[in-house]
>>> print(open('data_0.cif').read())   # mmCIF, C-alpha atoms
data_run
loop_
_atom_site.label_atom_id
_atom_site.label_comp_id
_atom_site.auth_asym_id
_atom_site.auth_seq_id
_atom_site.Cartn_x
_atom_site.Cartn_y
_atom_site.Cartn_z
CA MET A 329 0.00 0.00 0.00
CA SER A 330 1.28 3.49 -0.82
CA SER A 331 2.15 5.80 2.04
CA PRO A 332 0.17 9.02 2.59
CA GLN A 333 3.12 10.96 1.19
CA ASP A 334 2.74 9.16 -2.15
CA ARG A 335 -1.00 9.71 -2.51
CA PRO A 336 -2.71 12.67 -4.19
CA THR A 337 -3.22 14.97 -1.21
CA PHE A 338 -5.64 17.81 -0.58
CA ARG A 339 -4.27 20.20 2.05
CA ALA A 340 -6.59 22.52 3.92
CA LEU A 341 -6.04 25.07 6.68
CA VAL A 342 -8.94 26.12 8.94
CA THR A 343 -8.44 28.92 11.46
CA GLY A 344 -10.22 28.99 14.80
CA ALA A 345 -10.87 25.25 14.67
CA ASN A 346 -11.09 24.23 18.31
CA SER A 347 -14.84 24.81 18.65
CA GLY A 348 -18.00 26.11 17.02
CA LEU A 349 -18.01 26.81 13.32
CA GLY A 350 -14.28 26.18 12.84
CA PHE A 351 -14.47 22.69 14.33
CA ALA A 352 -17.59 21.99 12.26
CA ILE A 353 -15.81 23.09 9.07
CA CYS A 354 -13.03 20.59 9.82
CA ALA A 355 -15.54 17.82 10.53
CA ARG A 356 -17.55 18.53 7.40
CA LEU A 357 -14.42 18.80 5.26
CA ALA A 358 -13.44 15.31 6.42
CA ASP A 359 -16.93 13.90 5.81
CA GLU A 360 -17.34 15.35 2.33
CA PHE A 361 -13.78 14.57 1.31
CA LEU A 362 -14.23 10.92 2.22
CA ALA A 363 -17.61 10.81 0.47
CA THR A 364 -16.54 12.46 -2.79
CA ARG A 365 -12.85 11.80 -3.41
CA PRO A 366 -11.31 8.52 -4.63
CA SER A 367 -10.10 6.14 -1.94
CA SER A 368 -6.52 6.69 -3.14
CA HIS A 369 -6.70 10.38 -2.15
CA HIS A 370 -5.54 11.79 1.17
CA LEU A 371 -6.67 14.79 3.23
CA TYR A 372 -4.09 16.76 5.21
CA LEU A 373 -6.02 18.97 7.62
CA ILE A 374 -4.43 21.86 9.52
CA PRO A 375 -6.68 23.23 12.27
CA THR A 376 -5.33 26.34 13.99
CA THR A 377 -5.83 27.16 17.66
CA ARG A 378 -4.30 29.66 20.06
CA SER A 379 -2.94 27.11 22.55
CA ALA A 380 -1.40 23.63 22.58
CA SER A 381 -4.09 22.31 24.92
CA LYS A 382 -6.88 23.47 22.60
CA ALA A 383 -5.02 21.95 19.65
CA SER A 384 -4.68 18.56 21.37
CA ASP A 385 -8.34 18.57 22.34
CA ALA A 386 -9.54 19.55 18.86
CA VAL A 387 -7.40 16.91 17.15
CA ALA A 388 -8.55 14.18 19.56
CA ARG A 389 -12.21 15.03 19.04
CA LEU A 390 -11.84 15.21 15.26
CA LYS A 391 -10.04 11.86 15.07
CA SER A 392 -12.62 10.22 17.33
CA ARG A 393 -15.49 11.61 15.29
CA ILE A 394 -13.99 10.56 11.94
CA ALA A 395 -13.20 7.04 13.14
CA LYS A 396 -16.68 6.64 14.63
CA SER A 397 -18.44 7.97 11.52
CA HIS A 398 -16.33 6.32 8.81
CA GLY A 399 -14.30 3.54 10.37
CA GLU A 400 -10.57 3.16 10.76
CA PRO A 401 -9.71 2.36 7.11
CA ALA A 402 -11.31 5.61 5.94
CA ALA A 403 -9.86 7.54 8.87
CA SER A 404 -6.38 6.49 7.75
CA ARG A 405 -6.88 8.69 4.67
CA ILE A 406 -6.86 11.79 6.87
CA THR A 407 -3.88 13.35 8.61
CA ILE A 408 -4.54 16.11 11.16
CA GLU A 409 -1.64 18.29 12.25
CA PRO A 410 -2.56 21.47 14.15
CA LEU A 411 -0.87 24.86 13.98
CA LEU A 412 -0.63 27.36 16.82
CA LEU A 413 -1.81 30.79 15.73
CA ASP A 414 -2.93 33.96 17.48
CA LEU A 415 -4.47 36.29 14.92
CA THR A 416 -4.18 39.31 17.21
CA SER A 417 -0.37 38.96 17.19
CA LEU A 418 1.43 39.77 13.95
CA LEU A 419 4.58 38.03 15.18
CA SER A 420 2.55 34.88 15.90
CA ILE A 421 1.18 35.07 12.35
CA GLN A 422 4.68 35.36 10.93
CA ARG A 423 5.94 32.41 13.01
CA ALA A 424 2.99 30.21 12.08
CA SER A 425 3.37 31.09 8.39
CA ARG A 426 7.05 30.30 8.42
CA GLU A 427 6.35 26.94 10.10
CA LEU A 428 3.71 26.12 7.49
CA LEU A 429 6.01 27.07 4.61
CA GLY A 430 8.56 24.61 5.95
CA ARG A 431 6.04 21.87 6.66
CA ILE A 432 4.10 21.40 3.42
CA PRO A 433 4.78 21.87 -0.32
CA ARG A 434 1.33 23.17 -1.19
CA LEU A 435 -1.95 24.42 0.29
CA ASP A 436 -5.20 23.85 -1.60
CA ALA A 437 -7.57 25.80 0.64
CA ALA A 438 -7.26 28.25 3.52
CA VAL A 439 -10.56 28.78 5.33
CA LEU A 440 -10.28 32.05 7.27
CA ASN A 441 -12.87 31.46 9.96
CA ALA A 442 -11.44 32.52 13.32
CA GLY A 443 -12.68 35.69 14.89
CA ILE A 444 -14.10 37.52 17.88
CA GLY A 445 -17.37 39.40 18.21
CA GLY A 446 -16.34 42.23 20.47
CA TRP A 447 -19.65 41.91 22.32
CA ILE A 448 -19.77 42.24 26.09
CA GLY A 449 -23.37 41.42 26.89
CA ILE A 450 -27.04 41.90 26.11
CA ASP A 451 -29.20 45.01 26.44
CA TRP A 452 -32.32 43.46 27.96
CA GLY A 453 -34.36 46.62 27.40
CA ALA A 454 -33.58 46.38 23.69
CA VAL A 455 -34.55 42.69 23.78
CA ALA A 456 -37.98 43.55 25.18
CA LYS A 457 -38.45 46.33 22.62
CA GLN A 458 -37.48 44.13 19.69
CA LEU A 459 -39.61 41.26 20.97
CA VAL A 460 -42.65 43.52 20.55
CA SER A 461 -41.68 45.32 17.34
CA ASP A 462 -39.74 42.64 15.44
CA PRO A 463 -39.95 39.20 17.09
CA LEU A 464 -38.36 37.32 14.17
CA GLY A 465 -35.53 39.85 14.20
CA ILE A 466 -34.50 38.64 17.65
CA VAL A 467 -32.83 35.67 15.96
CA THR A 468 -32.25 37.25 12.55
CA ARG A 469 -31.31 40.91 13.02
CA PRO A 470 -30.53 41.21 16.75
CA ALA A 471 -30.52 44.83 17.88
CA PHE A 472 -29.63 44.13 21.50
CA LYS A 473 -25.93 43.25 21.42
CA LYS A 474 -23.71 45.38 23.65
CA THR A 475 -20.45 46.07 21.83
CA ALA A 476 -17.19 47.08 23.43
CA VAL A 477 -15.79 50.32 22.05
CA GLY A 478 -12.09 51.07 21.90
CA TRP A 479 -10.69 47.55 22.10
CA THR A 480 -7.14 47.33 20.77
CA THR A 481 -4.61 44.51 20.67
CA LYS A 482 -1.73 44.15 23.05
CA PRO A 483 1.43 45.86 21.75
CA GLN A 484 2.77 44.07 18.69
CA LEU A 485 6.41 44.97 19.40
CA PRO A 486 8.31 43.40 22.31
CA ALA A 487 8.97 45.91 25.07
CA ASP A 488 12.71 45.91 24.43
CA ALA A 489 12.46 46.16 20.62
CA PRO A 490 12.55 49.66 19.16
CA SER A 491 10.41 50.23 16.09
CA SER A 492 12.38 50.24 12.85
CA LEU A 493 10.37 53.30 11.83
CA GLY A 494 11.54 55.24 14.89
CA GLU A 495 8.05 56.04 16.13
CA GLN A 496 5.64 55.02 18.82
CA GLU A 497 3.70 51.90 17.91
CA PRO A 498 0.17 52.76 16.71
CA ALA A 499 -2.77 50.84 18.11
CA LEU A 500 -4.45 48.06 16.14
CA GLY A 501 -8.14 47.41 16.60
CA GLU A 502 -8.55 44.02 18.28
CA VAL A 503 -11.66 42.89 16.39
CA PHE A 504 -10.24 44.30 13.14
CA CYS A 505 -6.98 42.41 13.67
CA ALA A 506 -8.53 39.11 14.80
CA ASN A 507 -11.17 39.01 12.07
CA THR A 508 -9.64 40.75 9.06
CA PHE A 509 -6.11 42.13 9.23
CA GLY A 510 -4.61 39.05 10.88
CA HIS A 511 -6.14 36.82 8.22
CA TYR A 512 -5.03 39.26 5.53
CA MET A 513 -1.44 38.96 6.74
CA LEU A 514 -1.67 35.17 7.07
CA ALA A 515 -2.96 34.66 3.52
CA HIS A 516 -0.25 36.98 2.23
CA TYR A 517 2.55 35.02 3.90
CA VAL A 518 1.31 31.58 2.82
CA SER A 519 0.34 32.64 -0.70
CA PRO A 520 3.38 30.86 -2.23
CA LEU A 521 1.77 27.59 -1.08
CA LEU A 522 -1.51 28.59 -2.74
CA ALA A 523 -0.13 29.80 -6.06
CA GLY A 524 -0.98 27.96 -9.27
CA GLY A 525 1.00 27.35 -12.43
CA HIS A 526 2.66 24.51 -14.36
CA GLY A 527 -0.67 22.75 -14.79
CA VAL A 528 -1.67 23.14 -11.12
CA ALA A 529 -4.79 25.15 -10.31
CA PRO A 530 -4.33 27.93 -7.75
CA GLY A 531 -5.45 27.28 -4.20
CA ARG A 532 -8.38 29.08 -2.60
CA VAL A 533 -8.55 31.67 0.16
CA ILE A 534 -12.02 31.37 1.65
CA TRP A 535 -13.10 34.17 3.97
CA VAL A 536 -15.97 33.59 6.40
CA SER A 537 -18.24 36.62 6.68
CA THR A 538 -21.69 37.24 8.16
CA LEU A 539 -25.22 38.13 7.07
CA GLU A 540 -24.93 41.32 9.13
CA ALA A 541 -22.09 42.91 7.14
CA HIS A 542 -24.23 45.85 6.01
CA ALA A 543 -22.90 49.00 4.41
CA HIS A 544 -23.76 51.29 7.33
CA THR A 545 -21.56 49.29 9.73
CA PHE A 546 -18.33 50.19 7.92
CA VAL A 547 -17.19 53.81 8.26
CA PRO A 548 -13.83 53.91 6.45
CA ASP A 549 -13.39 57.69 6.37
CA THR A 550 -13.32 58.08 10.15
CA ASP A 551 -12.94 54.58 11.61
CA PHE A 552 -11.41 52.15 9.12
CA GLN A 553 -10.60 49.61 11.85
CA GLY A 554 -14.00 49.83 13.53
CA VAL A 555 -12.52 50.69 16.92
CA ALA A 556 -14.82 53.55 17.82
CA ASN A 557 -18.19 52.33 16.58
CA TYR A 558 -20.75 49.84 17.86
CA TRP A 559 -20.43 47.48 14.89
CA SER A 560 -16.79 46.44 15.12
CA TYR A 561 -17.60 42.82 14.22
CA GLU A 562 -19.91 43.68 11.36
CA SER A 563 -17.48 46.36 10.14
CA SER A 564 -14.64 43.83 9.96
CA LYS A 565 -16.81 41.48 7.93
CA ARG A 566 -18.00 44.22 5.57
CA LEU A 567 -14.34 44.99 4.90
CA ALA A 568 -13.75 41.32 4.05
CA ASP A 569 -16.72 41.41 1.64
CA LEU A 570 -15.29 44.46 -0.10
CA LEU A 571 -11.82 42.95 -0.42
CA VAL A 572 -12.93 39.59 -1.79
CA LEU A 573 -15.70 40.71 -4.13
CA THR A 574 -13.49 43.30 -5.84
CA SER A 575 -10.33 41.18 -5.91
CA ASP A 576 -10.72 40.19 -9.59
CA LEU A 577 -11.43 43.64 -10.99
CA LYS A 578 -9.12 45.85 -13.04
CA ALA A 579 -9.33 48.62 -10.46
CA THR A 580 -7.82 46.49 -7.70
CA GLU A 581 -5.39 44.49 -9.86
CA PRO A 582 -2.24 46.48 -8.96
CA TRP A 583 -2.90 46.11 -5.25
CA VAL A 584 -3.96 42.47 -5.41
CA ASP A 585 -0.89 41.61 -7.47
CA SER A 586 1.29 43.40 -4.91
CA TYR A 587 -0.41 41.47 -2.11
CA PHE A 588 0.10 38.05 -3.66
CA VAL A 589 3.50 38.64 -5.29
CA ASP A 590 5.30 40.57 -2.57
CA THR A 591 5.73 37.87 0.09
CA ASP A 592 9.17 38.90 1.35
CA PRO A 593 8.72 41.34 4.28
CA SER A 594 12.26 42.65 3.78
CA HIS A 595 11.47 43.95 0.29
CA PRO A 596 8.07 45.64 0.52
CA LYS A 597 6.62 46.92 -2.73
CA ARG A 598 3.42 48.66 -3.57
CA PRO A 599 1.96 50.07 -6.77
CA SER A 600 1.81 53.78 -7.28
CA SER A 601 -1.57 55.43 -7.15
CA SER A 602 -1.15 56.34 -10.82
CA ARG A 603 -1.78 52.69 -11.70
CA THR A 604 -5.41 52.83 -10.60
CA GLN A 605 -7.77 52.24 -13.52
CA LYS A 606 -9.92 54.92 -15.04
CA ALA A 607 -13.45 55.15 -13.67
CA GLU A 608 -15.14 53.73 -16.73
CA ASN A 609 -13.14 50.51 -16.46
CA ILE A 610 -13.04 49.83 -12.76
CA ASP A 611 -15.96 47.39 -12.71
CA GLU A 612 -14.45 45.16 -15.42
CA PRO A 613 -12.77 41.83 -14.64
CA ALA A 614 -8.99 41.84 -14.33
CA SER A 615 -7.19 41.07 -17.52
CA SER A 616 -4.42 38.62 -18.22
CA ARG A 617 -4.20 37.06 -14.83
CA SER A 618 -1.03 37.01 -13.31
CA SER A 619 -4.42 36.23 -11.83
CA THR A 620 -4.34 32.69 -13.23
CA ALA A 621 -1.43 31.87 -10.93
CA ARG A 622 -2.45 33.82 -7.85
CA PRO A 623 -4.80 32.23 -5.29
CA ARG A 624 -8.53 32.45 -5.81
CA MET A 625 -10.35 34.56 -3.22
CA LEU A 626 -13.87 33.51 -2.23
CA ILE A 627 -16.28 34.46 0.53
CA ALA A 628 -18.95 32.57 2.45
CA HIS A 629 -21.13 33.04 5.48
CA PRO A 630 -22.61 30.45 7.87
CA GLY A 631 -26.15 31.73 8.04
CA ILE A 632 -27.41 31.90 11.62
CA CYS A 633 -26.46 29.18 14.06
CA LYS A 634 -25.76 28.63 17.74
CA THR A 635 -22.10 29.19 18.65
CA SER A 636 -20.25 30.64 21.61
CA ILE A 637 -19.16 33.85 19.83
CA MET A 638 -22.12 35.74 21.30
CA PRO A 639 -22.13 35.93 25.14
CA VAL A 640 -25.63 34.57 25.67
CA PRO A 641 -26.38 33.56 29.30
CA ALA A 642 -26.47 29.79 29.72
CA PHE A 643 -30.04 29.72 31.02
CA ILE A 644 -31.46 31.10 27.76
CA ILE A 645 -29.26 29.19 25.29
CA ILE A 646 -31.79 26.36 24.95
CA PHE A 647 -34.60 28.85 24.24
CA TYR A 648 -32.42 30.69 21.75
CA HIS A 649 -31.66 27.43 19.94
CA LEU A 650 -35.35 26.53 19.79
CA ALA A 651 -36.09 30.01 18.41
CA LEU A 652 -33.58 29.39 15.60
CA TYR A 653 -35.43 26.24 14.57
CA LEU A 654 -38.77 28.05 14.77
CA ALA A 655 -37.48 30.81 12.49
CA ARG A 656 -36.31 28.21 9.98
CA PHE A 657 -39.66 26.42 10.10
CA LEU A 658 -41.41 29.73 9.42
CA GLY A 659 -39.43 30.05 6.19
CA SER A 660 -36.02 31.61 6.88
CA GLN A 661 -33.46 29.85 4.69
CA TRP A 662 -30.57 31.37 6.64
CA HIS A 663 -31.29 29.71 9.97
CA THR A 664 -28.86 26.81 9.69
CA CYS A 665 -29.15 26.38 13.47
CA THR A 666 -26.17 24.04 14.00
CA PRO A 667 -22.49 24.71 13.27
CA TYR A 668 -22.31 21.60 11.07
CA SER A 669 -25.07 22.89 8.78
CA ALA A 670 -23.49 26.36 8.92
CA ALA A 671 -20.29 24.85 7.49
CA THR A 672 -22.03 23.91 4.21
CA ALA A 673 -20.94 26.95 2.16
CA PRO A 674 -17.29 27.20 3.31
CA VAL A 675 -16.77 23.49 2.67
CA TRP A 676 -18.44 23.67 -0.74
CA LEU A 677 -16.12 26.51 -1.72
CA ALA A 678 -13.13 24.46 -0.54
CA LEU A 679 -13.97 21.20 -2.33
CA ALA A 680 -16.10 22.08 -5.37
CA ASP A 681 -14.62 21.97 -8.86
CA ASP A 682 -13.63 25.32 -10.36
CA THR A 683 -16.20 24.77 -13.11
CA ALA A 684 -18.99 24.42 -10.53
CA ILE A 685 -18.03 27.66 -8.79
CA ASP A 686 -17.54 29.47 -12.11
CA GLY A 687 -20.97 28.36 -13.28
CA ALA A 688 -22.62 29.47 -10.06
CA GLU A 689 -20.90 32.86 -10.05
CA GLY A 690 -21.79 33.60 -13.66
CA GLY A 691 -18.73 35.76 -14.27
CA ARG A 692 -19.16 37.92 -11.16
CA LYS A 693 -17.99 37.00 -7.69
CA GLY A 694 -20.67 36.23 -5.17
CA LYS A 695 -21.03 35.82 -1.43
CA TRP A 696 -22.14 32.27 -0.73
CA GLY A 697 -24.25 31.42 2.29
CA SER A 698 -25.09 28.21 4.07
CA ALA A 699 -28.85 27.76 3.80
CA ALA A 700 -31.51 25.17 4.66
CA ASN A 701 -35.20 24.58 4.07
CA ARG A 702 -37.64 24.24 6.93
CA TRP A 703 -36.87 20.52 7.24
CA GLY A 704 -33.13 21.10 7.46
CA SER A 705 -32.17 20.10 3.92
CA GLU A 706 -28.92 21.99 3.30
CA ARG A 707 -27.81 23.98 0.28
CA VAL A 708 -25.60 26.87 -0.76
CA SER A 709 -27.25 30.12 -1.82
CA ARG A 710 -25.96 33.38 -3.27
CA THR A 711 -26.48 36.22 -0.83
CA ASP A 712 -27.38 39.88 -1.17
CA VAL A 713 -24.51 42.29 -0.55
CA ASP A 714 -25.25 46.00 -0.20
CA GLY A 715 -24.11 47.68 -3.42
CA TRP A 716 -23.04 44.45 -5.15
CA ASP A 717 -25.80 41.84 -5.44
CA VAL A 718 -29.56 42.34 -5.41
CA GLY A 719 -32.14 39.62 -4.84
CA GLY A 720 -29.45 36.94 -4.85
CA ARG A 721 -28.64 37.77 -8.47
CA PRO A 722 -25.25 38.99 -9.72
CA GLY A 723 -24.86 42.71 -10.22
CA ALA A 724 -26.44 45.66 -8.46
CA GLY A 725 -25.77 47.88 -11.46
CA GLY A 726 -25.52 51.62 -11.83
CA GLU A 727 -24.07 54.00 -9.28
CA SER A 728 -24.38 51.50 -6.43
CA SER A 729 -22.08 48.99 -8.10
CA LEU A 730 -19.62 51.72 -9.06
CA ALA A 731 -19.51 53.01 -5.48
CA PHE A 732 -18.88 49.49 -4.16
CA THR A 733 -16.00 48.97 -6.59
CA THR A 734 -14.51 52.35 -5.79
CA LEU A 735 -14.69 51.65 -2.07
CA GLY A 736 -13.26 48.16 -2.57
CA THR A 737 -10.32 49.64 -4.46
CA GLU A 738 -9.69 52.13 -1.66
CA CYS A 739 -9.83 49.30 0.89
CA TRP A 740 -7.23 47.30 -1.05
CA ARG A 741 -4.97 50.33 -1.18
CA ARG A 742 -5.27 51.01 2.55
CA MET A 743 -4.81 47.37 3.55
CA GLU A 744 -1.69 47.06 1.41
CA GLU A 745 -0.27 50.26 2.87
CA LEU A 746 -1.04 48.98 6.37
CA ARG A 747 0.60 45.64 5.61
CA VAL A 748 3.77 47.26 4.29
CA GLU A 749 3.86 49.66 7.24
CA TRP A 750 3.64 46.85 9.80
CA GLU A 751 6.15 44.66 7.99
CA ARG A 752 8.66 47.50 8.11
CA ARG A 753 7.87 48.07 11.76
CA LEU A 754 8.37 44.38 12.63
CA GLN A 755 11.38 43.87 10.36
CA GLY A 756 14.06 41.73 11.99
CA LEU A 757 11.82 40.68 14.90
CA MET A 758 10.52 37.38 13.48
CA VAL A 759 12.07 34.49 15.40
#
>>> encode(input="data_0.cif", output="structure tokens")
Amino acid sequence: MSSPQDRPTFRALVTGANSGLGFAICARLADEFLATRPSSHHLYLIPTTRSASKASDAVARLKSRIAKSHGEPAASRITIEPLLLDLTSLLSIQRASRELLGRIPRLDAAVLNAGIGGWIGIDWGAVAKQLVSDPLGIVTRPAFKKTAVGWTTKPQLPADAPSSLGEQEPALGEVFCANTFGHYMLAHYVSPLLAGGHGVAPGRVIWVSTLEAHAHTFVPDTDFQGVANYWSYESSKRLADLLVLTSDLKATEPWVDSYFVDTDPSHPKRPSSSRTQKAENIDEPASSRSSTARPRMLIAHPGICKTSIMPVPAFIIIFYHLALYLARFLGSQWHTCTPYSAATAPVWLALADDTAIDGAEGGRKGKWGSAANRWGSERVSRTDVDGWDVGGRPGAGGESSLAFTTLGTECWRRMEELRVEWERRLQGLMV
């Protein structure tokens, strides 16, 4: 029998995999891989956690579940090797990326799931008000979450390490860093493992967003990192939507190419602003594709399910879960209810053929949500995005689409400038 090293191997990274949606994505990846790929194929799964104890626990539970569900012969087709990663620490991201680059020759999918909500409790007065005015919204559009304002990460530089830029270290928004900027840096560093070419299709960078990433939650002019507003979580996810959905357009091509090509922190490059496309062309797909070799960026959301990201008191969790099922029975396709069902869209984007995704997207990137009918039958559904998609159909058209593309281009520029700035600041500190 051939060893796992000799078999065709699909390698997938899943961040935040010790519980909730991240663990469910790993479990579903294993299930669907075993059900759809030839028995000669092997899955190499890399769940990330912030501590060794969480990693050991997650791996043990995944192995037990796979063996119980599929039997030992099938379980032998899956290798699980965790990676320690703290997405609020840029040095941790650099160390983890370097370890991964030395561990594997290729990465087929990176599912960027980990994150924090930034919520500190529930406004019970708002709960009572919404229960009267919008009862279904309690479990669909909750207006009662108390959000922390002003959260920033711990200092990124060691206390005894002077900044290479000779300035005081600026603050980084904690939710922004954990949900968006940390993942942005991670995907940048591991992009050589995801690159295509020489007959090999590029790997996929799959961002996990939310249904609540509405336009009003993101205020880039005054609060790009979402530190000072009450929608820090939703703001970080709206930024991810903007980055992914505009990543194949001419307007963003210089910045996206810089992001995927410039992987050496010691030689930062960025395109000049003069390379931005003229307004009449900015909504067109990118041309030649240096894009055929660079990783493919995709975005999904889990619908609405019960996880621990929202600090709901234990005594009402069971009622909240029942309310999710009731909402689904009343016709809401987005109430996936369980993390395993919520993992449908991210796993589909990881494992589906390129032709299947191309056909579904119809030439224009979409945001793909995990959905279910009232009886729990799961599917993937294209999702409305303010300024981009309307009614689940590609293309908002007109000024709205142009504004989205313009804002997406500006977000790419600012994220690339922020990346280069931090790489210069941390230069020589990676150990």
>>> closest_residue(input="data_0.cif", among="A:Asp462, A:Thr416, A:Thr545, A:Trp703", to="A:Ser660", atoms="all atoms listed in the file")
A:Trp703
>>> residues_around(input="data_0.cif", residues="A:Leu390", least_positions_apart="4", cutoff="12 Å", atoms="all atoms listed in the file", output="PyMOL selection string")
chain A and resi 345-347+350-359+373-375+383-386+394-398+403+406-410
>>> closest_residue(input="data_0.cif", among="A:Leu435, A:Thr580, A:Glu502, A:Thr538", to="A:Ala556", atoms="only C-alpha atoms")
A:Glu502
>>> resolve_selection(input="data_0.cif", expression="the PyMOL selection byres ((chain A and resi 367) around 12)", output="list in words")
Met329, Ser330, Pro332, Arg335, Pro336, Thr337, Phe361, Leu362, Ala363, Thr364, Arg365, Pro366, Ser368, His369, His370, Leu371, Pro401, Ala402, Ala403, Ser404, Arg405 and Ile406 of chain A
>>> atom_distance(input="data_0.cif", atom1="atom CA of A:Leu459", atom2="atom CA of A:Tyr648")
12.8 Å
>>> closest_residue(input="data_0.cif", among="A:Pro623, A:Gly531, A:Gly697, A:Gly631", to="A:Thr468", atoms="only C-alpha atoms")
A:Gly631
>>> resolve_selection(input="data_0.cif", expression="the PyMOL selection byres ((chain A and resi 513) around 10)", output="list of chain:residue names")
A:Leu415, A:Leu418, A:Ile421, A:Gln422, A:Ser425, A:Cys505, A:Thr508, A:Phe509, A:Gly510, A:His511, A:Tyr512, A:Leu514, A:Ala515, A:His516, A:Tyr517, A:Val518, A:Ser519, A:Tyr587, A:Thr591, A:Met743, A:Glu744, A:Arg747, A:Trp750, A:Glu751
>>> closest_residue(input="data_0.cif", among="A:Ser729, A:Ser537, A:Gln553, A:Gln755", to="A:Ala670", atoms="only C-alpha atoms")
A:Ser537
>>> atom_distance(input="data_0.cif", atom1="atom CA of A:Val708", atom2="atom CA of A:Gly687")
13.4 Å
>>> resolve_selection(input="data_0.cif", expression="the PyMOL selection byres ((chain A and resi 575) around 12)", output="ChimeraX atom specification")
/A:533,568-574,576-588,610-614,617,619,622-627,692-694,733-741
>>> closest_residue(input="data_0.cif", among="A:Glu400, A:Lys474, A:Ala628, A:Leu412", to="A:Glu427", atoms="all atoms listed in the file")
A:Leu412
>>> decode(input="data_0.cif", residues="stretch 726-738 of chain A", atoms="N, CA, C and O atoms", output="PDB file, in the first residue's frame")
ATOM      1  N   GLY A 726     -25.452  50.183 -12.017  1.00  0.00           N
ATOM      2  CA  GLY A 726     -25.524  51.624 -11.831  1.00  0.00           C
ATOM      3  C   GLY A 726     -24.541  52.170 -10.825  1.00  0.00           C
ATOM      4  O   GLY A 726     -23.475  51.631 -10.577  1.00  0.00           O
ATOM      5  N   GLU A 727     -24.944  53.293 -10.202  1.00  0.00           N
ATOM      6  CA  GLU A 727     -24.071  54.002  -9.285  1.00  0.00           C
ATOM      7  C   GLU A 727     -23.722  53.174  -8.061  1.00  0.00           C
ATOM      8  O   GLU A 727     -22.628  53.291  -7.505  1.00  0.00           O
ATOM      9  N   SER A 728     -24.637  52.318  -7.611  1.00  0.00           N
ATOM     10  CA  SER A 728     -24.383  51.505  -6.426  1.00  0.00           C
ATOM     11  C   SER A 728     -23.202  50.573  -6.644  1.00  0.00           C
ATOM     12  O   SER A 728     -22.307  50.468  -5.804  1.00  0.00           O
ATOM     13  N   SER A 729     -23.178  49.895  -7.783  1.00  0.00           N
ATOM     14  CA  SER A 729     -22.082  48.988  -8.095  1.00  0.00           C
ATOM     15  C   SER A 729     -20.770  49.739  -8.251  1.00  0.00           C
ATOM     16  O   SER A 729     -19.715  49.281  -7.794  1.00  0.00           O
ATOM     17  N   LEU A 730     -20.809  50.910  -8.884  1.00  0.00           N
ATOM     18  CA  LEU A 730     -19.615  51.718  -9.061  1.00  0.00           C
ATOM     19  C   LEU A 730     -19.066  52.172  -7.717  1.00  0.00           C
ATOM     20  O   LEU A 730     -17.853  52.137  -7.475  1.00  0.00           O
ATOM     21  N   ALA A 731     -19.944  52.563  -6.804  1.00  0.00           N
ATOM     22  CA  ALA A 731     -19.507  53.005  -5.480  1.00  0.00           C
ATOM     23  C   ALA A 731     -18.872  51.857  -4.709  1.00  0.00           C
ATOM     24  O   ALA A 731     -17.873  52.043  -4.008  1.00  0.00           O
ATOM     25  N   PHE A 732     -19.442  50.664  -4.831  1.00  0.00           N
ATOM     26  CA  PHE A 732     -18.884  49.490  -4.157  1.00  0.00           C
ATOM     27  C   PHE A 732     -17.476  49.205  -4.668  1.00  0.00           C
ATOM     28  O   PHE A 732     -16.548  48.968  -3.896  1.00  0.00           O
ATOM     29  N   THR A 733     -17.312  49.240  -5.987  1.00  0.00           N
ATOM     30  CA  THR A 733     -16.003  48.966  -6.586  1.00  0.00           C
ATOM     31  C   THR A 733     -14.987  50.027  -6.195  1.00  0.00           C
ATOM     32  O   THR A 733     -13.829  49.713  -5.890  1.00  0.00           O
ATOM     33  N   THR A 734     -15.405  51.270  -6.187  1.00  0.00           N
ATOM     34  CA  THR A 734     -14.509  52.349  -5.788  1.00  0.00           C
ATOM     35  C   THR A 734     -14.069  52.186  -4.339  1.00  0.00           C
ATOM     36  O   THR A 734     -12.885  52.338  -4.001  1.00  0.00           O
ATOM     37  N   LEU A 735     -15.023  51.854  -3.470  1.00  0.00           N
ATOM     38  CA  LEU A 735     -14.688  51.650  -2.065  1.00  0.00           C
ATOM     39  C   LEU A 735     -13.804  50.417  -1.887  1.00  0.00           C
ATOM     40  O   LEU A 735     -12.854  50.435  -1.094  1.00  0.00           O
ATOM     41  N   GLY A 736     -14.096  49.350  -2.640  1.00  0.00           N
ATOM     42  CA  GLY A 736     -13.262  48.160  -2.571  1.00  0.00           C
ATOM     43  C   GLY A 736     -11.828  48.444  -2.975  1.00  0.00           C
ATOM     44  O   GLY A 736     -10.869  47.951  -2.353  1.00  0.00           O
ATOM     45  N   THR A 737     -11.657  49.262  -4.011  1.00  0.00           N
ATOM     46  CA  THR A 737     -10.317  49.640  -4.457  1.00  0.00           C
ATOM     47  C   THR A 737      -9.584  50.417  -3.373  1.00  0.00           C
ATOM     48  O   THR A 737      -8.398  50.185  -3.103  1.00  0.00           O
ATOM     49  N   GLU A 738     -10.295  51.346  -2.740  1.00  0.00           N
ATOM     50  CA  GLU A 738      -9.693  52.128  -1.662  1.00  0.00           C
ATOM     51  C   GLU A 738      -9.313  51.225  -0.482  1.00  0.00           C
ATOM     52  O   GLU A 738      -8.269  51.417   0.145  1.00  0.00           O
TER      53      GLU A 738
END
